[in-house]
Structures are given as C-alpha cells and as structure tokens.
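Okay, run32.cif is below, mmCIF, C-alpha atoms:
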```cif
data_input
#
loop_
_atom_site.label_atom_id
_atom_site.label_comp_id
_atom_site.auth_asym_id
_atom_site.auth_seq_id
_atom_site.Cartn_x
_atom_site.Cartn_y
_atom_site.Cartn_z
CA MET M 1227 -7.14 18.89 5.68
CA ASN M 1228 -8.82 19.59 2.36
CA LEU M 1229 -6.66 20.49 -0.62
CA LEU M 1230 -7.57 21.86 -4.01
CA PHE M 1231 -5.60 21.92 -7.24
CA LYS M 1232 -6.52 23.48 -10.56
CA ASN M 1233 -5.66 22.69 -14.15
CA LYS M 1234 -3.28 19.79 -13.65
CA LYS M 1235 -3.10 16.46 -15.43
CA ILE M 1236 -1.26 13.18 -15.60
CA THR M 1237 -0.08 12.40 -19.12
CA GLY M 1238 1.46 8.95 -18.64
CA ILE M 1239 2.39 6.23 -16.17
CA LEU M 1240 5.10 3.62 -16.57
CA THR M 1241 5.52 0.94 -13.92
CA ILE M 1242 8.87 -0.87 -13.71
CA LEU M 1243 8.65 -4.17 -11.82
CA PRO M 1244 11.34 -6.76 -11.09
CA ALA M 1245 11.53 -9.61 -13.59
CA ASN M 1246 12.06 -12.00 -10.67
CA GLU M 1247 8.81 -13.58 -9.51
CA VAL M 1248 8.52 -15.47 -6.20
CA LYS M 1249 5.63 -17.79 -5.33
CA PHE M 1250 4.01 -17.88 -1.89
CA GLU M 1251 4.44 -21.66 -1.70
CA ASP M 1252 8.18 -21.41 -2.26
CA GLU M 1253 8.61 -19.30 0.88
CA MET M 1254 6.25 -21.23 3.16
CA GLU M 1255 9.04 -23.35 4.61
CA HIS M 1256 10.56 -20.24 6.23
CA TYR M 1257 7.42 -19.60 8.26
CA ASN M 1258 6.89 -21.08 11.68
CA PHE M 1259 3.41 -22.34 10.78
CA SER M 1260 1.94 -25.51 9.33
CA ALA M 1261 1.47 -25.60 5.55
CA SER M 1262 -2.31 -25.77 5.94
CA LYS M 1263 -2.37 -22.64 8.11
CA SER M 1264 -0.18 -20.77 5.66
CA LEU M 1265 -2.35 -21.83 2.72
CA LYS M 1266 -5.42 -20.60 4.59
CA LEU M 1267 -3.70 -17.24 5.03
CA LYS M 1268 -2.86 -17.22 1.34
CA MET M 1269 -6.53 -17.72 0.43
CA ALA M 1270 -7.88 -15.15 2.88
CA MET M 1271 -5.39 -12.41 2.04
CA GLY M 1272 -5.14 -13.08 -1.66
CA TYR M 1273 -1.43 -13.86 -1.68
CA ASN M 1274 0.09 -15.67 -4.64
CA THR M 1275 3.17 -14.35 -6.41
CA HIS M 1276 5.19 -11.25 -5.73
CA ARG M 1277 8.00 -9.46 -7.55
CA ILE M 1278 11.27 -9.27 -5.66
CA ALA M 1279 14.31 -7.37 -6.93
CA GLU M 1280 17.81 -8.83 -6.89
CA LYS M 1281 19.65 -8.14 -3.62
CA ASP M 1282 22.09 -5.65 -5.11
CA ALA M 1283 19.50 -3.67 -7.08
CA THR M 1284 18.87 -0.06 -6.11
CA ILE M 1285 16.00 2.30 -6.79
CA SER M 1286 18.08 4.47 -9.12
CA ASP M 1287 18.65 1.38 -11.33
CA PHE M 1288 14.89 0.97 -11.69
CA CYS M 1289 14.20 4.68 -12.21
CA VAL M 1290 17.02 5.17 -14.75
CA TYR M 1291 15.93 2.07 -16.67
CA GLY M 1292 12.36 3.38 -16.83
CA ILE M 1293 13.25 6.93 -17.83
CA ASN M 1294 15.64 5.66 -20.52
CA TYR M 1295 12.85 3.41 -21.82
CA LEU M 1296 10.58 6.45 -22.16
CA ILE M 1297 13.31 8.49 -23.86
CA GLU M 1298 14.22 5.70 -26.28
CA ASN M 1299 10.58 5.23 -27.21
CA GLY M 1300 10.00 8.93 -27.85
CA LEU M 1301 7.64 9.29 -24.89
CA LEU M 1302 9.79 11.76 -22.94
CA LYS M 1303 12.57 14.19 -23.84
CA LYS M 1304 15.50 14.67 -21.48
CA GLU M 1305 15.48 18.47 -21.72
CA GLU M 1306 11.78 18.65 -20.87
CA ILE M 1307 12.29 17.38 -17.33
CA ASP M 1308 11.99 20.39 -15.03
CA ALA M 1309 11.63 18.44 -11.79
CA LEU M 1310 12.52 14.95 -10.57
CA LEU M 1311 10.41 14.20 -7.55
CA LEU M 1312 11.24 10.93 -5.83
CA ILE M 1313 9.04 9.39 -3.15
CA THR M 1314 10.86 6.55 -1.42
CA GLN M 1315 11.71 4.84 1.83
CA SER M 1316 14.58 2.94 0.22
CA PRO M 1317 17.05 5.79 -0.43
CA GLU M 1318 20.50 4.80 -1.62
CA TYR M 1319 22.22 7.09 0.91
CA PHE M 1320 21.29 9.24 3.90
CA MET M 1321 23.00 11.94 1.84
CA PRO M 1322 22.79 12.99 -0.97
CA PRO M 1323 19.18 12.70 -2.17
CA THR M 1324 18.71 9.75 -4.53
CA SER M 1325 16.89 12.04 -7.00
CA ASN M 1326 20.21 13.87 -7.49
CA VAL M 1327 21.93 10.53 -8.11
CA ILE M 1328 19.32 9.74 -10.79
CA GLN M 1329 19.72 13.18 -12.36
CA GLY M 1330 23.48 12.61 -12.59
CA LYS M 1331 23.18 9.11 -14.04
CA LEU M 1332 20.80 10.39 -16.71
CA GLY M 1333 22.85 13.51 -17.48
CA LEU M 1334 19.89 15.84 -17.10
CA LYS M 1335 20.15 19.63 -17.29
CA GLN M 1336 21.24 21.63 -14.22
CA ASP M 1337 18.35 24.04 -14.57
CA MET M 1338 15.89 21.88 -12.67
CA ILE M 1339 14.88 20.72 -9.20
CA CYS M 1340 15.49 17.30 -7.62
CA MET M 1341 13.67 16.39 -4.44
CA ASP M 1342 13.30 13.27 -2.27
CA ILE M 1343 10.28 12.81 -0.02
CA ASN M 1344 10.13 10.09 2.64
CA GLN M 1345 6.65 8.61 2.34
CA GLY M 1346 5.27 5.13 1.75
CA CYS M 1347 1.72 3.85 1.40
CA ALA M 1348 0.31 7.32 0.64
CA GLY M 1349 3.38 8.18 -1.45
CA PHE M 1350 1.53 8.46 -4.74
CA GLU M 1351 -0.92 11.03 -3.36
CA ILE M 1352 1.84 13.00 -1.59
CA GLY M 1353 3.87 12.93 -4.80
CA LEU M 1354 0.99 14.20 -6.90
CA TYR M 1355 0.24 17.00 -4.42
CA GLN M 1356 3.87 18.10 -4.48
CA ALA M 1357 3.99 17.85 -8.28
CA PHE M 1358 0.86 20.01 -8.59
CA MET M 1359 2.45 22.63 -6.33
CA LEU M 1360 5.72 22.65 -8.30
CA LEU M 1361 3.74 23.19 -11.49
CA GLU M 1362 2.52 26.53 -10.13
CA GLN M 1363 6.01 27.79 -10.99
CA PRO M 1364 6.03 29.33 -14.48
CA GLU M 1365 9.32 27.66 -15.44
CA ILE M 1366 8.22 24.19 -14.34
CA LYS M 1367 6.28 22.62 -17.20
CA LYS M 1368 6.87 18.94 -16.64
CA VAL M 1369 7.35 17.05 -13.39
CA VAL M 1370 8.62 13.48 -13.44
CA LEU M 1371 7.20 11.85 -10.33
CA LEU M 1372 9.12 8.75 -9.28
CA ASN M 1373 7.73 6.33 -6.74
CA ALA M 1374 10.27 3.64 -5.95
CA ASP M 1375 10.77 1.15 -3.15
CA LEU M 1376 12.78 -2.03 -2.71
CA LEU M 1377 11.63 -2.80 0.79
CA SER M 1378 11.81 -6.60 0.42
CA GLN M 1379 15.45 -6.20 1.48
CA LYS M 1380 14.25 -5.01 4.88
CA VAL M 1381 11.59 -7.67 5.44
CA SER M 1382 12.47 -10.85 7.31
CA LYS M 1383 11.87 -13.98 5.23
CA ARG M 1384 10.59 -15.59 8.44
CA ASP M 1385 7.93 -12.92 8.99
CA ARG M 1386 4.65 -14.31 7.72
CA ASN M 1387 3.01 -11.04 8.68
CA SER M 1388 4.86 -8.94 6.08
CA ASN M 1389 6.94 -11.15 3.76
CA PRO M 1390 4.13 -12.64 1.63
CA LEU M 1391 2.74 -9.25 0.70
CA ILE M 1392 5.87 -7.16 0.12
CA GLY M 1393 6.75 -6.22 -3.44
CA ASP M 1394 9.48 -4.16 -5.07
CA GLY M 1395 9.27 -1.76 -7.97
CA ALA M 1396 9.15 1.78 -9.30
CA SER M 1397 6.77 3.94 -11.26
CA ILE M 1398 7.18 7.04 -13.37
CA THR M 1399 4.26 9.44 -13.60
CA ILE M 1400 4.39 12.49 -15.85
CA VAL M 1401 2.52 15.44 -14.36
CA GLU M 1402 1.82 18.62 -16.30
CA ASN M 1403 -0.42 21.67 -16.45
CA SER M 1404 -3.67 21.14 -18.29
CA GLU M 1405 -4.81 23.49 -21.08
CA SER M 1406 -8.44 22.77 -20.24
CA GLU M 1407 -9.83 23.86 -16.89
CA ASN M 1408 -10.24 21.24 -14.20
CA THR M 1409 -10.39 20.97 -10.45
CA ILE M 1410 -8.81 18.22 -8.39
CA PHE M 1411 -10.33 17.69 -4.96
CA ALA M 1412 -8.04 16.14 -2.40
CA ASN M 1413 -7.42 15.70 1.29
CA ILE M 1414 -4.77 14.45 3.68
CA LYS M 1415 -4.42 13.60 7.36
CA MET M 1416 -1.50 12.49 9.53
CA ASP M 1417 -1.09 10.91 12.95
CA GLY M 1418 2.51 10.83 14.09
CA SER M 1419 1.54 9.49 17.53
CA ALA M 1420 1.27 6.10 15.81
CA PHE M 1421 4.64 6.44 14.05
CA ASP M 1422 5.63 2.91 15.10
CA ALA M 1423 2.65 1.11 13.52
CA LEU M 1424 4.87 0.56 10.47
CA ILE M 1425 8.56 1.01 11.14
CA ILE M 1426 12.09 -0.17 10.48
CA PRO M 1427 13.34 0.33 14.06
CA ALA M 1428 17.11 0.25 13.44
CA GLY M 1429 19.47 1.59 10.79
CA GLY M 1430 18.85 5.31 11.18
CA PHE M 1431 20.71 7.87 13.30
CA LYS M 1432 18.66 7.07 16.42
CA THR M 1433 19.45 3.35 16.47
CA PRO M 1434 22.29 2.58 14.06
CA SER M 1435 22.59 -1.00 12.79
CA THR M 1436 24.91 -3.16 14.89
CA PRO M 1437 25.39 -6.93 15.12
CA GLU M 1438 22.75 -6.87 17.91
CA THR M 1439 20.10 -5.15 15.76
CA GLY M 1440 20.53 -7.99 13.26
CA ILE M 1441 19.56 -10.72 15.75
CA MET M 1442 16.20 -12.38 15.03
CA HIS M 1443 13.57 -12.55 17.79
CA GLU M 1444 10.25 -14.39 17.82
CA ASP M 1445 7.09 -12.33 18.39
CA THR M 1446 3.86 -13.49 20.10
CA ALA M 1447 2.41 -14.68 16.78
CA GLY M 1448 5.44 -16.83 15.91
CA ASN M 1449 7.18 -14.54 13.41
CA PHE M 1450 10.93 -13.96 13.48
CA ARG M 1451 12.44 -10.58 12.78
CA ALA M 1452 15.31 -8.31 13.85
CA LEU M 1453 15.34 -4.59 14.68
CA ASP M 1454 16.86 -4.08 11.23
CA ASN M 1455 13.67 -5.48 9.68
CA LEU M 1456 10.42 -3.78 8.79
CA VAL M 1457 7.72 -4.45 11.37
CA MET M 1458 4.01 -3.84 10.94
CA LYS M 1459 1.47 -3.90 13.74
CA GLY M 1460 -1.16 -5.60 11.59
CA ASP M 1461 -4.04 -5.13 14.03
CA ASP M 1462 -3.34 -1.42 14.53
CA VAL M 1463 -3.05 -0.86 10.79
CA PHE M 1464 -6.24 -2.81 10.07
CA ASN M 1465 -8.23 -0.87 12.68
CA PHE M 1466 -6.78 2.43 11.48
CA VAL M 1467 -7.72 1.75 7.86
CA GLN M 1468 -11.24 0.57 8.62
CA THR M 1469 -11.85 3.53 10.96
CA GLU M 1470 -10.26 6.40 9.06
CA VAL M 1471 -10.45 5.62 5.35
CA PRO M 1472 -14.25 5.35 4.80
CA PRO M 1473 -15.03 8.75 6.41
CA MET M 1474 -12.13 10.31 4.46
CA ILE M 1475 -13.67 9.14 1.18
CA GLU M 1476 -17.18 10.21 2.19
CA ASP M 1477 -15.86 13.69 3.11
CA LEU M 1478 -13.98 13.94 -0.18
CA LEU M 1479 -17.09 13.08 -2.20
CA ILE M 1480 -19.19 15.62 -0.30
CA ASN M 1481 -16.52 18.27 -0.72
CA ALA M 1482 -16.23 17.57 -4.45
CA LYS M 1483 -20.04 17.30 -4.82
CA ILE M 1484 -19.56 14.05 -6.71
CA ASN M 1485 -21.77 10.99 -6.37
CA LYS M 1486 -20.13 7.71 -5.46
CA ASP M 1487 -21.77 6.10 -8.51
CA ASP M 1488 -20.09 8.57 -10.86
CA ILE M 1489 -16.60 7.37 -9.90
CA ASP M 1490 -15.41 4.81 -12.47
CA TYR M 1491 -12.69 3.28 -10.31
CA PHE M 1492 -11.47 3.50 -6.76
CA MET M 1493 -7.74 2.99 -7.20
CA PHE M 1494 -6.59 2.42 -3.64
CA HIS M 1495 -3.29 1.48 -2.09
CA GLN M 1496 -2.95 -2.32 -2.14
CA PRO M 1497 -2.22 -3.79 1.30
CA ASN M 1498 -4.05 -7.08 0.65
CA LYS M 1499 -7.31 -8.32 -0.83
CA PHE M 1500 -8.94 -8.91 2.57
CA MET M 1501 -8.54 -5.29 3.65
CA LEU M 1502 -9.62 -3.84 0.30
CA ASN M 1503 -12.75 -5.98 0.15
CA LYS M 1504 -13.67 -4.87 3.67
CA LEU M 1505 -13.13 -1.25 2.62
CA ALA M 1506 -15.26 -1.64 -0.51
CA ASP M 1507 -18.06 -3.23 1.51
CA LYS M 1508 -17.95 -0.55 4.19
CA LEU M 1509 -18.06 2.19 1.54
CA GLU M 1510 -20.85 0.30 -0.30
CA ILE M 1511 -18.81 0.30 -3.48
CA PRO M 1512 -19.05 -2.69 -5.88
CA ARG M 1513 -15.85 -4.70 -5.42
CA GLU M 1514 -15.17 -4.66 -9.16
CA LYS M 1515 -14.82 -0.87 -8.98
CA MET M 1516 -12.02 -1.23 -6.44
CA PRO M 1517 -9.28 -3.39 -7.95
CA SER M 1518 -7.56 -5.56 -5.33
CA ASN M 1519 -5.43 -7.73 -7.60
CA ILE M 1520 -1.99 -6.15 -7.17
CA VAL M 1521 -0.75 -8.02 -4.09
CA GLU M 1522 -1.60 -11.42 -5.60
CA ASN M 1523 0.22 -10.64 -8.85
CA PHE M 1524 3.09 -8.37 -7.83
CA GLY M 1525 3.08 -7.68 -4.08
CA ASN M 1526 2.69 -4.36 -2.33
CA ALA M 1527 5.50 -1.99 -3.29
CA SER M 1528 4.32 0.84 -1.07
CA GLY M 1529 3.74 4.07 -3.04
CA VAL M 1530 4.11 2.15 -6.31
CA SER M 1531 0.91 0.18 -5.64
CA ILE M 1532 -1.56 2.70 -7.10
CA PRO M 1533 0.41 3.32 -10.33
CA THR M 1534 0.67 -0.47 -10.62
CA ALA M 1535 -3.09 -0.83 -10.13
CA ILE M 1536 -3.72 1.80 -12.82
CA THR M 1537 -1.27 0.37 -15.36
CA PHE M 1538 -2.26 -3.27 -14.72
CA ASN M 1539 -6.03 -2.79 -14.68
CA LEU M 1540 -6.50 -0.06 -17.27
CA GLY M 1541 -3.46 -0.56 -19.53
CA ASN M 1542 -3.95 0.68 -23.07
CA ARG M 1543 -7.61 1.55 -22.47
CA LEU M 1544 -6.32 4.65 -20.72
CA THR M 1545 -4.60 5.85 -23.88
CA LYS M 1546 -7.98 6.04 -25.63
CA GLU M 1547 -10.56 6.59 -22.89
CA SER M 1548 -11.00 8.74 -19.83
CA PHE M 1549 -12.06 7.77 -16.33
CA LEU M 1550 -13.07 9.59 -13.18
CA ILE M 1551 -11.05 7.98 -10.46
CA CYS M 1552 -10.78 8.25 -6.72
CA MET M 1553 -7.35 7.36 -5.31
CA ALA M 1554 -6.54 6.71 -1.68
CA GLY M 1555 -3.31 5.86 0.11
CA PHE M 1556 -3.03 4.95 3.78
CA GLY M 1557 -0.33 3.60 6.05
CA VAL M 1558 3.12 4.48 7.30
CA GLY M 1559 3.29 7.76 9.22
CA LEU M 1560 0.45 7.28 9.88
CA THR M 1561 -0.64 9.11 6.74
CA TRP M 1562 -3.90 8.88 4.84
CA ALA M 1563 -4.79 10.86 1.73
CA SER M 1564 -7.28 10.73 -1.12
CA LEU M 1565 -8.13 12.62 -4.27
CA ILE M 1566 -10.59 12.61 -7.13
CA MET M 1567 -9.40 13.43 -10.62
CA LYS M 1568 -10.23 12.72 -14.21
CA ILE M 1569 -7.54 10.74 -15.98
CA ASP M 1570 -7.77 11.20 -19.67
CA LYS M 1571 -6.06 9.67 -22.73
CA PHE M 1572 -2.55 9.11 -21.42
CA ASN M 1573 0.38 9.07 -23.85
CA PHE M 1574 1.38 5.77 -22.26
CA ASN M 1575 0.15 3.50 -19.50
CA GLN M 1576 2.10 0.28 -19.18
CA ILE M 1577 4.22 -2.09 -17.13
CA ILE M 1578 7.75 -3.11 -18.05
CA TYR M 1579 10.03 -5.59 -16.28
CA PHE M 1580 13.61 -5.00 -15.24
CA MET L 915 -25.49 -14.69 22.92
CA GLY L 916 -26.31 -17.60 20.60
CA LYS L 917 -25.48 -15.59 17.50
CA ILE L 918 -22.06 -14.44 18.62
CA LYS L 919 -21.15 -17.95 19.79
CA GLN L 920 -22.10 -19.26 16.37
CA GLN L 921 -20.03 -16.57 14.63
CA ILE L 922 -17.02 -17.35 16.79
CA ALA L 923 -17.45 -21.09 16.19
CA GLU L 924 -17.40 -20.44 12.44
CA LEU L 925 -14.19 -18.43 12.68
CA LEU L 926 -12.66 -21.19 14.80
CA GLU L 927 -13.84 -23.80 12.27
CA VAL L 928 -15.77 -25.93 14.77
CA ASP L 929 -19.46 -26.80 15.11
CA GLU L 930 -19.90 -25.24 18.52
CA VAL L 931 -17.91 -23.57 21.29
CA LYS L 932 -18.30 -23.66 25.07
CA GLU L 933 -17.74 -20.70 27.42
CA ASN L 934 -14.73 -22.20 29.13
CA ASP L 935 -12.95 -23.44 25.98
CA ILE L 936 -9.38 -22.09 25.82
CA LEU L 937 -8.73 -20.02 22.68
CA GLU L 938 -5.16 -21.21 22.18
CA ASP L 939 -6.30 -24.84 22.20
CA PHE L 940 -8.24 -24.50 18.96
CA GLU L 941 -6.54 -26.17 16.03
CA CYS L 942 -6.85 -23.13 13.76
CA TRP L 943 -5.87 -20.51 16.36
CA ASP L 944 -3.41 -18.10 14.71
CA SER L 945 -2.92 -14.52 13.65
CA LEU L 946 -5.36 -14.90 10.76
CA THR L 947 -8.11 -16.09 13.09
CA ILE L 948 -7.35 -13.16 15.39
CA LEU L 949 -7.58 -10.76 12.46
CA SER L 950 -10.93 -12.31 11.47
CA ILE L 951 -12.18 -11.72 15.02
CA ILE L 952 -10.98 -8.10 14.87
CA ALA L 953 -12.89 -7.70 11.60
CA LEU L 954 -16.06 -9.30 13.03
CA ALA L 955 -15.94 -7.06 16.11
CA SER L 956 -15.44 -3.97 13.96
CA GLU L 957 -18.08 -4.74 11.35
CA GLU L 958 -20.88 -6.23 13.35
CA TYR L 959 -20.34 -4.95 16.88
CA GLY L 960 -18.67 -1.58 16.29
CA LYS L 961 -15.79 -2.57 18.59
CA THR L 962 -12.12 -1.83 17.99
CA LEU L 963 -10.05 -4.72 19.30
CA PHE L 964 -6.30 -5.34 19.22
CA ASN L 965 -4.26 -8.56 19.06
CA ASP L 966 -3.28 -8.33 22.73
CA ASP L 967 -6.90 -7.84 23.91
CA ILE L 968 -7.88 -11.02 22.13
CA ARG L 969 -4.90 -13.07 23.30
CA ASN L 970 -5.51 -11.87 26.87
CA ALA L 971 -9.18 -12.90 26.71
CA LYS L 972 -7.96 -16.52 27.05
CA THR L 973 -11.39 -18.22 26.80
CA ILE L 974 -14.51 -18.10 24.66
CA ASP L 975 -16.31 -16.40 27.52
CA GLY L 976 -13.59 -13.76 27.78
CA LEU L 977 -13.76 -13.19 24.03
CA ILE L 978 -17.54 -12.80 24.02
CA ARG L 979 -17.37 -10.27 26.85
CA LEU L 980 -14.75 -8.35 24.88
CA ILE L 981 -16.77 -8.18 21.68
CA ASP L 982 -20.28 -7.78 23.02
CA ASN L 983 -20.48 -5.95 26.33
#
```

Once you've parsed the file, please lay out its structure as structure tokens.
Amino acid sequence: MNLLFKNKKITGILTILPANEVKFEDEMEHYNFSASKSLKLKMAMGYNTHRIAEKDATISDFCVYGINYLIENGLLKKEEIDALLLITQSPEYFMPPTSNVIQGKLGLKQDMICMDINQGCAGFEIGLYQAFMLLEQPEIKKVVLLNADLLSQKVSKRDRNSNPLIGDGASITIVENSESENTIFANIKMDGSAFDALIIPAGGFKTPSTPETGIMHEDTAGNFRALDNLVMKGDDVFNFVQTEVPPMIEDLLINAKINKDDIDYFMFHQPNKFMLNKLADKLEIPREKMPSNIVENFGNASGVSIPTAITFNLGNRLTKESFLICMAGFGVGLTWASLIMKIDKFNFNQIIYF
Amino acid sequence: MGKIKQQIAELLEVDEVKENDILEDFECWDSLTILSIIALASEEYGKTLFNDDIRNAKTIDGLIRLIDN
C-alpha cells in the first residue's frame, strides 16, 4: 500500500543505549558450537559487541532518562509535548499502556494523547506514519515518537541464532509540521500468515508463562531456547527480506519519481551485516550508502535500529546539513515498510548512554 | 554441473565434493553454511530454499538437485 504525507519533518533524534557493553567472545561459551565455528559466524554476520541493559531496567527508565536529558539541555519543553507515541514489544504491563506510565513519571500535561503500538523491526516507519497522521490535528504541534525495546531479556543466552545480534535501547524522535512544503513518499505491506517467523511463543494470554514454558529445548541447529524466549526462523526471514524488500524500494522510487543515485543514504533496519550487504548488492546500491555497522557496535534493538544508524553515522553533520534518505524496516509481523524523506538540519542528533 | 559443485565445495571449505558425500559429515557443516547455501541459491539460481529442504537433501547430489533443477 502506498502512503503519502505532506509538510512534515523530523527536528531531532536522541538515541539512548545501555552503558553495558557485551563482547561476542564473552558469550561464546554458552553456545553449543566450537569456538572456530562461532568465530566464523562472527566474521560473516559482522557481530562484535552489543549493548545489553541491566536485568531490572525497563523501557520507561530509558525513555524518561532521554526526555529529561532533552528538557535539561533546552532541546524540548515539557508543555510542548502534545503526543507520546511509543512503539515497543517490551511493554511494562499488559495494561496500562507504557506511554501513560512515562507521561505520569514525567508529569506531563493531561491535554495530550499517549499511545502504544506493538511493532518491531518496522517500528520506526510505523511510528513516523502514525506521528504524521496525528499532526493533521490542529492542536497537535509536536509528537514525541519513542521507539524502545529491551528484548535481550527474552533471548536465550544459548541461542546462537539470536543472542549475538540482539541489542537493547530507546530512541526519541521529534516530529512536527513543516513550514515549507514537502512530500513524503511511503509504503507498507503486511503478511500475518507468517506471524510465527519472529515470535515469543509464551507469556501472552494465549499461552501464559508456566514452569513448563521456561524449559529449554534444543533445536535442529543446536540452539537451546524455551517457549518464553524469542525465536526467529532465520531462513524464512532471510528469504522474506531478499524477496520482498528490493521490489518495495524499487516501487517506492518509481512512485516518488526519484533516482536511486539521488538518495544520499539508505538507512535500513539492521538485522546483520550479511543481510544488509546482500540487500545493497541486489538493489545495486554502493554498500557505503547503506550503513550496516549498528549490529557490530550496538546490536539490533528492533525499531531503535534506524534511529541508531542515523545518530551514529550522521551525528552532528545532520545539525548543519541535509540529506535525502530512504528508510526501510522489515521483520516481525511480517511487516515491511519504506519511505523517502529529506532530513534537514536537526536541532540535535546524538547518542547518550544510560 | 561443474560450476555448482565448485561453488558448493567453496562454501563447505574443501577442494572438491563428490555426489555421494554426506552433508552432515563436512567439518564446517552448520547453520551458517546452510544460510550461505540459501543465499547462493537465491542469488545465482533464483531458488528459495529453507533450512529443512537443505538438511533433508542429505548428500551433495541431493543438494545440487535442490538448487539447480
């Protein structure tokens, strides 16, 4: 489905990552594979270090820390926040929404909207689309888009398929109406028939957690995980991405009447370096235009991966320059979405550690 | 036939492979090798393969028939 948005802009991104850094080598002993095989995987996938939050940390801790940082540094005013939009798959409770918890902790005004959306790998795109729609309301001038996930808590340490790449973190993106005219071309597709390609099977209302759902089982590849753990069908996800993402981007470019060469950066979701390089090659995009360095430095924190790629790779340059970027998210759902927009002289674009 | 055998040999990190070699017997046989085979099949042969297809192929011959039939 094609989507179109007019006169919207991002005015700043802050990424909040855990201070705790874990090296691939330090976790190798948990895997049921020889060291040489694990090191080969590390090379091929571009694994190195990832950021893992403390066990008792919650997403509201990260979001509140980040918003307070912006307030204390004069980059955001409390009373300006008309909407808190939280995209997460690590909610603190089934009820209430975690965005309400954050609103309460911060002491924000009542005259606003809080909303949680359950999305993952395409969570930055979904969040932007929803923010753009909220901004059509005359009284909504500033949307604070929060992407936050602490999924490492749900990944088995003995799962070499998912553990080396998982990351934790949060990002805050300020979305506003633009005084100058612009058009944002976007699209989105979903395939719920493959809902179990990426799933945490137990812990919800359908299969509540019990002592049995916590028991580890070995899979055909030699990984150990329980029904309480996140499980990814790596082959299904790989095939899905290589099949669906290139045509989505080609369609988007045609629809926007923009040449591939005119895009400064392809800021894509960061599953691993292997998959991103394959995508760049298939799309005939120079690899340096598609950063793939987030998993090796921080891990993949789901919807936080694109804001992390933007803050890490563009940093302060984005407070002085402008770039035409194409973003794409793909994964859990299955969901895949992409958009092209100009990002121009942010008020801030940085990473902080918590 | 020669080309695909050579490509598979490279992924399995050996000089050459024989039709009746058993996939699981290769020293480097693991999920990464399987993913590399999935990528090869997708990029060069336009075939979508899954982990189970490859594990069930058992031998080099079975794998070649899967990728290039």

Of the residues M:Thr1324, M:Gly1440, M:Ala1261, M:Gly1460, which is the one nearest to Ile948 in chain L, using only C-alpha atoms?
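Among the listed residues, the smallest separation from Ile948 in chain L belongs to M:Gly1460.
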
Using only C-alpha atoms, list the residues that have an atom at most 9 Å from (-8.5, -10.3, 3.9), coordinates as in the file, as a list in words.
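Nearby residues: Leu1267, Met1269, Ala1270, Met1271, Gly1272, Asn1498, Lys1499, Phe1500, Met1501, Leu1502, Asn1503 and Lys1504 of chain M; Leu946, Leu949 and Ser950 of chain L.
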
Could you make a table, as CSV, of the residues of chain L that have an atom within 9 Å of an atom of chain M, each with its nearest atom pair and distance in Å to one decimal, counting only C-alpha atoms, in chain and number order?
```
residue,atom,partner,partner_atom,distance
L:Cys942,CA,M:Lys1263,CA,7.2
L:Asp944,CA,M:Ala1447,CA,7.1
L:Ser945,CA,M:Ala1447,CA,6.2
L:Leu946,CA,M:Leu1267,CA,6.4
L:Ile948,CA,M:Asp1461,CA,8.8
L:Leu949,CA,M:Asp1461,CA,6.8
L:Ile952,CA,M:Asp1461,CA,7.6
L:Ala953,CA,M:Asn1465,CA,8.3
L:Ser956,CA,M:Asn1465,CA,8.0
L:Glu957,CA,M:Lys1508,CA,8.3
L:Thr962,CA,M:Asn1465,CA,6.7
L:Leu963,CA,M:Asn1465,CA,7.9
L:Phe964,CA,M:Asp1461,CA,5.7
L:Asn965,CA,M:Asp1461,CA,6.1
```

Identify all residues satisfying the PyMOL selection byres ((chain L and resi 933) around 9) in the given file; provide them as an mmCIF file with C-alpha atoms, in the coordinates of the input.
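Saved result, part.cif, follows:
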```cif
data_model
loop_
_atom_site.group_PDB
_atom_site.id
_atom_site.type_symbol
_atom_site.label_atom_id
_atom_site.label_comp_id
_atom_site.auth_asym_id
_atom_site.auth_seq_id
_atom_site.Cartn_x
_atom_site.Cartn_y
_atom_site.Cartn_z
ATOM 1 C CA LYS L 919 -21.150 -17.950 19.790
ATOM 2 C CA VAL L 931 -17.910 -23.570 21.290
ATOM 3 C CA LYS L 932 -18.300 -23.660 25.070
ATOM 4 C CA ASN L 934 -14.730 -22.200 29.130
ATOM 5 C CA ASP L 935 -12.950 -23.440 25.980
ATOM 6 C CA ILE L 936 -9.380 -22.090 25.820
ATOM 7 C CA THR L 973 -11.390 -18.220 26.800
ATOM 8 C CA ILE L 974 -14.510 -18.100 24.660
ATOM 9 C CA ASP L 975 -16.310 -16.400 27.520
ATOM 10 C CA GLY L 976 -13.590 -13.760 27.780
ATOM 11 C CA ILE L 978 -17.540 -12.800 24.020
#
```

Using only C-alpha atoms: which of M:Leu1301, M:Ala1527, M:Leu1456, M:Ala1554 has the shortest distance to Thr1314 in chain M
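Comparing M:Leu1301, M:Ala1527, M:Leu1456, M:Ala1554 against Thr1314 in chain M, the winner is M:Ala1527.
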